[in-house]
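Colleague: Questions regarding the structure given below will be posed in turn.
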Amino acid sequence: MAKSNSRNRRFWRLFKRKGFWVFVVLCGVAGLVGFSWLNSYLDPYRVRAAGYDIPRYINDIEGPSLILDRNGEEIGRMFVENRSVVGIEEVPQKLIDALRAQEDQRYFEHKGVDWVGVLRAIYLNVKAGEVNQGASTVTMQLARNAFDLKAEARERGEGGVQRKIVEAFLALRIEDYINEEFPSEDGRRAKKQVLEYYLNRIPFGSGYYGVRSASLGYFGKEPRNLTTGECCSLIACVKNPTGLTPLRYPEKNKKARNHVLNRMKAEGMITREEWAEMTTKDVIVNPRPLQRGTSHLYEKVARLARSKVGIEAMSRGDFRIYTTIDRSLQEEAERSLAEQLKKTEQVSGYVHPTYEGYEHTDGVAPPYLQGAALMIESDSGHVLAHVGGRDYEHNQYDFIEKGRRPLGTAFLPFIYSAAFAKGWSPASSVSDEPMDNRAVMVGGREGILGEWGMEIDKPVYEGRITTRRSLASSKIAASVRLGRQVGLENVVEHSREFGLDFKDAKMLNRLYLGSEPMSLRDGVMSYCAFSEGGKIPAGLRYIDRIENDLGEIVYQAARSADEMRDVTACDAATAYQVHTTLKDTVRTGNLSGEEVRLSAVPFPGGVKTGTTNSFSDGWCLGYNGKVTLGMWVGFMEGGSRPIHEGAFGRLLTYPAWVSVMNVAEGIYPSAKVEVPDTLELVSVCEHSGLLGTRYCYDTIEDLEKGATFRSTVYKEYQRKGLRLGSCDVHGEGGVAVEDVLKTYGPQVGDGSVQQRLPVSPIRPQAPVLIGSDPYGSVVLSLAPGDESGGGYMAPSPVLFLDANVRGEEEASLKLPRPKKLEIRVD
């Protein structure tokens with residue numbers, strides 16, 4: 001008791017000393033000064049935190065950039081970050097517990113800043129002599145990510161302490177704001193909303209943003225289906241998203257995951273038995289990430305948009321990307337190609353894997369049949385439809401961008417273009433006879449070169465034919481012969497002018513048959529030349545302009561189509577001659593009878609199917625005078641295995657090509673290709689390619705009606721000034737018109753053309769043959785009359801003959817073989 005009284009007296013005497021009160025006053029003054037200084041020091045950060053627009057940015061998770069077609073219709077949405085928003089009710093409690101255990105144990109107790117944690121961090125950092133402890137709460141981390149405070153601090157030259165001060169003030173404001181927006185008696189509703197914002201925003205590594213994207217990307221399951229161990233693996237990534245991703249660093253992630261499990265055990269969130277079981281397990285990943293790019297077109301547009309605006313700017317989102325795509329054509333191209341591929345897989349004799357039976361395997365190219373389609377405006381190169389493959393989810397390889405396959409017979413027009421450029425014409429003759437395969441050596445070294453180009457089961461040889469007939473019918477041997485006359489080097493160099501790439505090609509004759517791999521992109525662009533006077537677009541265009549969220553244009557492509565038409569592949573005359581020949585493909589060529597499937601009849605454009613000798617690839621390239629469309633069907637991995645027996649281009653690609661072109665007809669109507677002024681129409685014989693005469697007829701045999709005759713003269717486009725001789729099959733071959741005029745002088749004719757004669761024409765040996773003419777006479781000339789009823793009429797010898805006289809043609813009539821004689825024995 002005495003000792004206690006003594007201590008009390010000493011205590012009270014302390015308050016009577018002046019020094020004590022001086023000390024107290026000094027401490028108070030120091031405290032006030034310190035508080036005033038601290039308040040003035042913190043005030044700029046408090047003011048800065050007060051300036052952030054919380055309602056606008058707290059849940060502004062990269063607004064999508066809209067991808068629009070040329071008519072303003074939405075065709076996709078672009079996200080820079082791989083993210084998918086999920087409600088907090090879809091997040092398992094174990095994941096929230098794991099987050100609290102590692103990042104913010106007192107999350108539900110504080111108001112945005114954990115002051116206990118702040119003091120603890122200060123004490124530990126002072127004790128360690130360095131900053132190795134943080135005190136960031138979940139709300140502070142949300143503030144940092146939502147307003148990109150790290151980037152702002154770098155711009156201001158500030159350190160981590162200053163940034164955390166701003167984070168703390170902003171976190172207090174965020175919690176106040178969310179409490180007002182989501183009120184509840186205990187405040188837990190607002191706390192859960194903060195967690196939802198946070199878990200949908202933060203990065204988890206490997207390009208995954210938000211808990212759902214990471215859950216699918218790492219473990220192939222929705223967040224609600226995650227195990228406790230998987231939840232801990234995800235939360236472990238929060239500390240270091242790049243360095244702890246389980247895809248690249250499974251052992252590091254396991255160690256970090258076990259640290260989270262340790263914290264959960266310490267906080268009583270899991271039992272010791274659960275902890276012991278889970279810490280021994282390895283991290284097993286099963287990535288099935290979200291595919292934001294749902295098509296090859298989407299990826300192409302997204303990549304171009306980032307290159308035009310910049311990745312950083314595009315990451316902010318809210319752009320409107322106006323493309324050149326026509327949504328209706330894009331959808332039809334996708335639909336018709338998918339339908340045609342399905343039909344092909346159902347053909348008798350198709351033995352390859354099918355799309356329906358395919359089971360997706362990551363990293364393995366699907367073995368089923370593939371296809372691609374590209375449509376562009378012929379004059380500008382504006383892309384209207386882009387289908388890079390059959391199924392983007394199965395295979396992200398874009399055939400239009402990266403694929404190269406042999407064009408097959410779709411290459412033939414470039415042989416003829418090279419010939420026409422050097423003086424040949426569609427009327428020039430070429431031999432259509434069997435050819436030794438050793439001349440080309442495709443599919444073997446022996447035997448006769450096949451005629452798969454006609455795309456029929458039983459092709460026939462026609463002897464001497466025009467180049468028009470040869471190309472329209474896709475004749476193989478005749479085309480090779482023409483190519484050899486023109487010269488392989490000339491054909492290759494001429495084709496390069498169209499943008500076709502032969503940089504690694506060996507100069508072998510098989511190049512005539514399209515053996516060199518080419519891209520669909522180059523094939524489509526090269527065919528534009530035939531309807532555009534020999535010009536091809538300088539490149540393809542997908543994006544017209546890009547606007548930001550304020551409607552301001554941040555990128556504008558050149559408006560003039562002429563700026564995209566600066567490559568001349570050939571002269572206008574050559575292009576038109578090829579064009580008129582390709583028009584015959586659907587009339588009298590290898591697609592004879594198929595014109596009726598087109599909306600525009602007669603079809604003013606041109607089309608060419610392509611088949612390889614191995615039947616491993618099918619093509620269809622063509623145009624309607626406004627747009628050019630190309631389609632390919634084959635296997636991505638290449639090789640020469642046939643799709644099926646008789647897999648011709650007309651079966652693989654032409655039906656889908658027609659479907660898309662018919663839709664295009666209603667939007668971009670067919671246009672007539674204008675004749676260049678360097679060409680003129682000349683009457684020629686279809687057998688010789690020389691000037692037609694009145695003697696140019698084919699005999700038509702008919703047992704009932706007798707022999708009649710069909711004129712073989714037709715109008716052909718020739719270069720002006722080209723001298724042609726007269727037909728050397730029916731008339732005096734090699735005689736020029738000028739020479740005929742000198743020999744016979746001018747003579748007036750009636751300009752009529754008699755298409756069928758009841759008698760056989762006889763070659764005259766002198767200008768006039770005189771004889772009796774009791775039944776009337778027929779006047780013939782060396783040159784045909786003008787079908788229009790007027791024009792130049794060449795002189796001719798005159799022949800008078802009796803209509804009843806039987807000639808040699810009738811004597812050589814072919815009679816049917818008699819039936820087999822049967823002798824019956826009684």
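In the structure tokens, each chain is lettered A, B, ... as it comes, each chain's residues begin at 1, and ligands are numbered from 1 in order of appearance.
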Among stretch 180-349 of chain A, which residues does DSSP mark as helix (DSSP H, G or I) when it is run on the backbone? Keep the chain and numbering as in the structure and answer as a ChimeraX atom specification.

Modeller: /A:180-181,188-201,211-219,223-225,228-239,250-266,272-278,296-309,311-314,327-345

Colleague: Tell me which protein, DNA and RNA residues are within 10 Å of A:Ile270, counting only C-alpha atoms, leaving out same-chain ones fewer than 6 positions away, and put them as an NGL selection string.

Modeller: :A and (94 or 97-98 or 228 or 261-264)

Colleague: Can you tell me which residues surround stretch 193-198 of chain A at a distance of at most 7 Å, considering only C-alpha atoms, apart from same-chain residues fewer than 2 positions away, and format the answer as a PDB file with N, CA, C and O atoms, in the first residue's frame?

Modeller:
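Output below, filename around_15.pdb:
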```pdb
ATOM      1  N   ASN A  59     -16.973   0.953 -64.538  1.00  0.00           N
ATOM      2  CA  ASN A  59     -17.360  -0.298 -65.197  1.00  0.00           C
ATOM      3  C   ASN A  59     -17.208  -0.198 -66.705  1.00  0.00           C
ATOM      4  O   ASN A  59     -17.848  -0.927 -67.459  1.00  0.00           O
ATOM      5  N   GLY A  87     -21.436 -12.222 -64.050  1.00  0.00           N
ATOM      6  CA  GLY A  87     -21.979 -11.693 -62.791  1.00  0.00           C
ATOM      7  C   GLY A  87     -21.321 -12.342 -61.581  1.00  0.00           C
ATOM      8  O   GLY A  87     -20.860 -13.483 -61.640  1.00  0.00           O
ATOM      9  N   ILE A  88     -21.299 -11.630 -60.451  1.00  0.00           N
ATOM     10  CA  ILE A  88     -20.650 -12.148 -59.245  1.00  0.00           C
ATOM     11  C   ILE A  88     -21.332 -13.417 -58.744  1.00  0.00           C
ATOM     12  O   ILE A  88     -20.702 -14.263 -58.092  1.00  0.00           O
ATOM     13  N   THR A 139     -10.257  -2.807 -53.617  1.00  0.00           N
ATOM     14  CA  THR A 139     -10.826  -1.569 -54.162  1.00  0.00           C
ATOM     15  C   THR A 139      -9.729  -0.671 -54.713  1.00  0.00           C
ATOM     16  O   THR A 139      -9.919  -0.018 -55.753  1.00  0.00           O
ATOM     17  N   LEU A 142      -8.717  -2.061 -57.986  1.00  0.00           N
ATOM     18  CA  LEU A 142      -9.740  -1.716 -58.973  1.00  0.00           C
ATOM     19  C   LEU A 142      -9.533  -0.288 -59.463  1.00  0.00           C
ATOM     20  O   LEU A 142      -9.620  -0.014 -60.677  1.00  0.00           O
ATOM     21  N   ARG A 189     -23.802  -5.794 -50.231  1.00  0.00           N
ATOM     22  CA  ARG A 189     -24.195  -5.749 -51.639  1.00  0.00           C
ATOM     23  C   ARG A 189     -23.217  -4.895 -52.441  1.00  0.00           C
ATOM     24  O   ARG A 189     -22.803  -5.276 -53.540  1.00  0.00           O
ATOM     25  N   ALA A 190     -22.864  -3.752 -51.886  1.00  0.00           N
ATOM     26  CA  ALA A 190     -21.897  -2.885 -52.556  1.00  0.00           C
ATOM     27  C   ALA A 190     -20.536  -3.563 -52.641  1.00  0.00           C
ATOM     28  O   ALA A 190     -19.833  -3.460 -53.656  1.00  0.00           O
ATOM     29  N   LYS A 191     -20.155  -4.278 -51.574  1.00  0.00           N
ATOM     30  CA  LYS A 191     -18.867  -4.959 -51.558  1.00  0.00           C
ATOM     31  C   LYS A 191     -18.799  -6.023 -52.657  1.00  0.00           C
ATOM     32  O   LYS A 191     -17.781  -6.200 -53.323  1.00  0.00           O
ATOM     33  N   ASN A 200     -13.941  -8.911 -63.257  1.00  0.00           N
ATOM     34  CA  ASN A 200     -14.166  -8.814 -64.697  1.00  0.00           C
ATOM     35  C   ASN A 200     -13.125  -7.960 -65.402  1.00  0.00           C
ATOM     36  O   ASN A 200     -13.060  -7.974 -66.638  1.00  0.00           O
ATOM     37  N   ARG A 201     -12.322  -7.235 -64.643  1.00  0.00           N
ATOM     38  CA  ARG A 201     -11.403  -6.290 -65.245  1.00  0.00           C
ATOM     39  C   ARG A 201      -9.952  -6.758 -65.247  1.00  0.00           C
ATOM     40  O   ARG A 201      -9.243  -6.587 -66.239  1.00  0.00           O
ATOM     41  N   ILE A 202      -9.465  -7.329 -64.160  1.00  0.00           N
ATOM     42  CA  ILE A 202      -8.030  -7.541 -63.982  1.00  0.00           C
ATOM     43  C   ILE A 202      -7.482  -8.581 -64.957  1.00  0.00           C
ATOM     44  O   ILE A 202      -8.187  -9.494 -65.392  1.00  0.00           O
TER      45      ILE A 202
END
```

Colleague: Nearest to A:Ser336 among A:Ser726, A:Thr653, A:Ser428, A:Thr708, with distances taken over only C-alpha atoms: which residue is it?

Modeller: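 Comparing A:Ser726, A:Thr653, A:Ser428, A:Thr708 against A:Ser336, the winner is A:Thr653.
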
Colleague: Calculate how many Å separate atom CA of A:Tyr355 from atom CA of A:Leu369, rounding to one decimal.

Modeller: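 Going from atom CA of A:Tyr355 over to atom CA of A:Leu369 covers 7.4 Å.
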
Colleague: Which polymer residues have any atom within 12 Å of an atom of A:Pro367, counting only C-alpha atoms, with same-chain residues fewer than 3 positions away left out, as a CSV table (one decimal) with C-alpha atoms, in the first residue's frame?

Modeller:
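Contents of the output file selection21.csv:
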```csv
chain,number,residue,atom,x,y,z
A,351,VAL,CA,-13.5,-41.5,-98.8
A,352,HIS,CA,-12.0,-38.7,-96.7
A,353,PRO,CA,-12.9,-37.5,-93.2
A,354,THR,CA,-16.1,-35.3,-93.2
A,355,TYR,CA,-16.9,-32.2,-91.3
A,356,GLU,CA,-19.9,-33.8,-89.5
A,357,GLY,CA,-17.7,-36.5,-88.1
A,358,TYR,CA,-14.8,-34.3,-87.0
A,359,GLU,CA,-13.8,-34.0,-83.3
A,360,HIS,CA,-11.9,-30.8,-82.6
A,361,THR,CA,-8.3,-31.2,-81.5
A,364,VAL,CA,-4.1,-30.1,-85.3
A,370,GLN,CA,-12.0,-27.1,-97.1
A,390,ARG,CA,-14.8,-23.6,-93.6
A,394,HIS,CA,-11.6,-25.5,-86.0
A,395,ASN,CA,-8.8,-23.9,-88.0
A,634,GLY,CA,-9.5,-28.7,-101.6
A,635,PHE,CA,-7.5,-29.8,-98.6
A,636,MET,CA,-5.5,-27.4,-96.5
A,637,GLU,CA,-2.5,-29.7,-96.0
A,638,GLY,CA,-2.0,-29.9,-99.8
A,639,GLY,CA,-0.9,-33.1,-101.5
A,643,ILE,CA,-11.1,-35.3,-103.7
```

Colleague: Could you check how far atom CA of A:Phe169 sits from atom CA of A:Tyr52, in Å to one decimal?

Modeller: 10.8 Å

Colleague: Report as a PyMOL selection string all protein, DNA and RNA residues lying within 12 Å of A:His259, evaluated on only C-alpha atoms, omitting residues in the same chain fewer than 2 positions from it.

Modeller: chain A and resi 98-99+101-103+229+232-233+235-237+239+252-257+261-266+275+278-279

Colleague: Give me, as a VMD selection string, the residues of stretch 89-331 of chain A that a backbone DSSP run labels strand (DSSP E or B).

Modeller: chain A and resid 203 to 205 208 to 209 317 320 to 323

Colleague: Keeping N, CA and C atoms for every residue in the selection just given, could you write it to a file as an mmCIF file, in the first residue's frame?

Modeller:
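Final output, out.cif:
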```
data_model
loop_
_atom_site.group_PDB
_atom_site.id
_atom_site.type_symbol
_atom_site.label_atom_id
_atom_site.label_comp_id
_atom_site.auth_asym_id
_atom_site.auth_seq_id
_atom_site.Cartn_x
_atom_site.Cartn_y
_atom_site.Cartn_z
ATOM 1 N N PRO A 203 -6.179 -8.473 -65.311
ATOM 2 C CA PRO A 203 -5.540 -9.466 -66.187
ATOM 3 C C PRO A 203 -5.113 -10.702 -65.402
ATOM 4 N N PHE A 204 -5.226 -11.864 -66.051
ATOM 5 C CA PHE A 204 -4.805 -13.120 -65.439
ATOM 6 C C PHE A 204 -3.658 -13.768 -66.212
ATOM 7 N N GLY A 205 -3.072 -13.062 -67.158
ATOM 8 C CA GLY A 205 -1.966 -13.607 -67.924
ATOM 9 C C GLY A 205 -2.418 -14.325 -69.181
ATOM 10 N N TYR A 208 -5.550 -13.244 -71.151
ATOM 11 C CA TYR A 208 -6.902 -13.388 -70.608
ATOM 12 C C TYR A 208 -7.192 -12.265 -69.619
ATOM 13 N N TYR A 209 -8.329 -11.597 -69.836
ATOM 14 C CA TYR A 209 -8.774 -10.530 -68.952
ATOM 15 C C TYR A 209 -10.133 -10.916 -68.376
ATOM 16 N N GLY A 317 -11.387 1.144 -77.391
ATOM 17 C CA GLY A 317 -12.670 0.715 -77.922
ATOM 18 C C GLY A 317 -13.541 1.859 -78.402
ATOM 19 N N ARG A 320 -16.055 2.867 -84.671
ATOM 20 C CA ARG A 320 -16.964 2.330 -85.690
ATOM 21 C C ARG A 320 -16.133 2.128 -86.953
ATOM 22 N N ILE A 321 -15.974 0.861 -87.325
ATOM 23 C CA ILE A 321 -15.112 0.498 -88.444
ATOM 24 C C ILE A 321 -15.995 0.202 -89.649
ATOM 25 N N TYR A 322 -16.001 1.111 -90.618
ATOM 26 C CA TYR A 322 -16.812 0.945 -91.820
ATOM 27 C C TYR A 322 -15.989 0.194 -92.872
ATOM 28 N N THR A 323 -16.428 -0.993 -93.208
ATOM 29 C CA THR A 323 -15.697 -1.823 -94.152
ATOM 30 C C THR A 323 -16.301 -1.736 -95.545
#
```

Colleague: From the set A:Gly625, A:Gly117, A:Gly534, A:Gly606, which residue has the shortest atom-to-atom contact distance to A:Ile376, counting only C-alpha atoms?

Modeller: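 Between A:Gly625, A:Gly117, A:Gly534, A:Gly606, the residue approaching A:Ile376 most closely is A:Gly625.
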
Colleague: Name the closest residue to A:Ile67 among the candidates A:Ile543, A:Val491, A:Leu26, A:Met661; distances are taken between atoms, counting only C-alpha atoms.

Modeller: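 Checking each candidate against A:Ile67, we get A:Ile543 as the closest.
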
Colleague: Just to confirm, what's the straight-line distance from atom CA of A:Asp176 to atom CA of A:Gln162 in Å (one decimal)?

Modeller: 21.9 Å
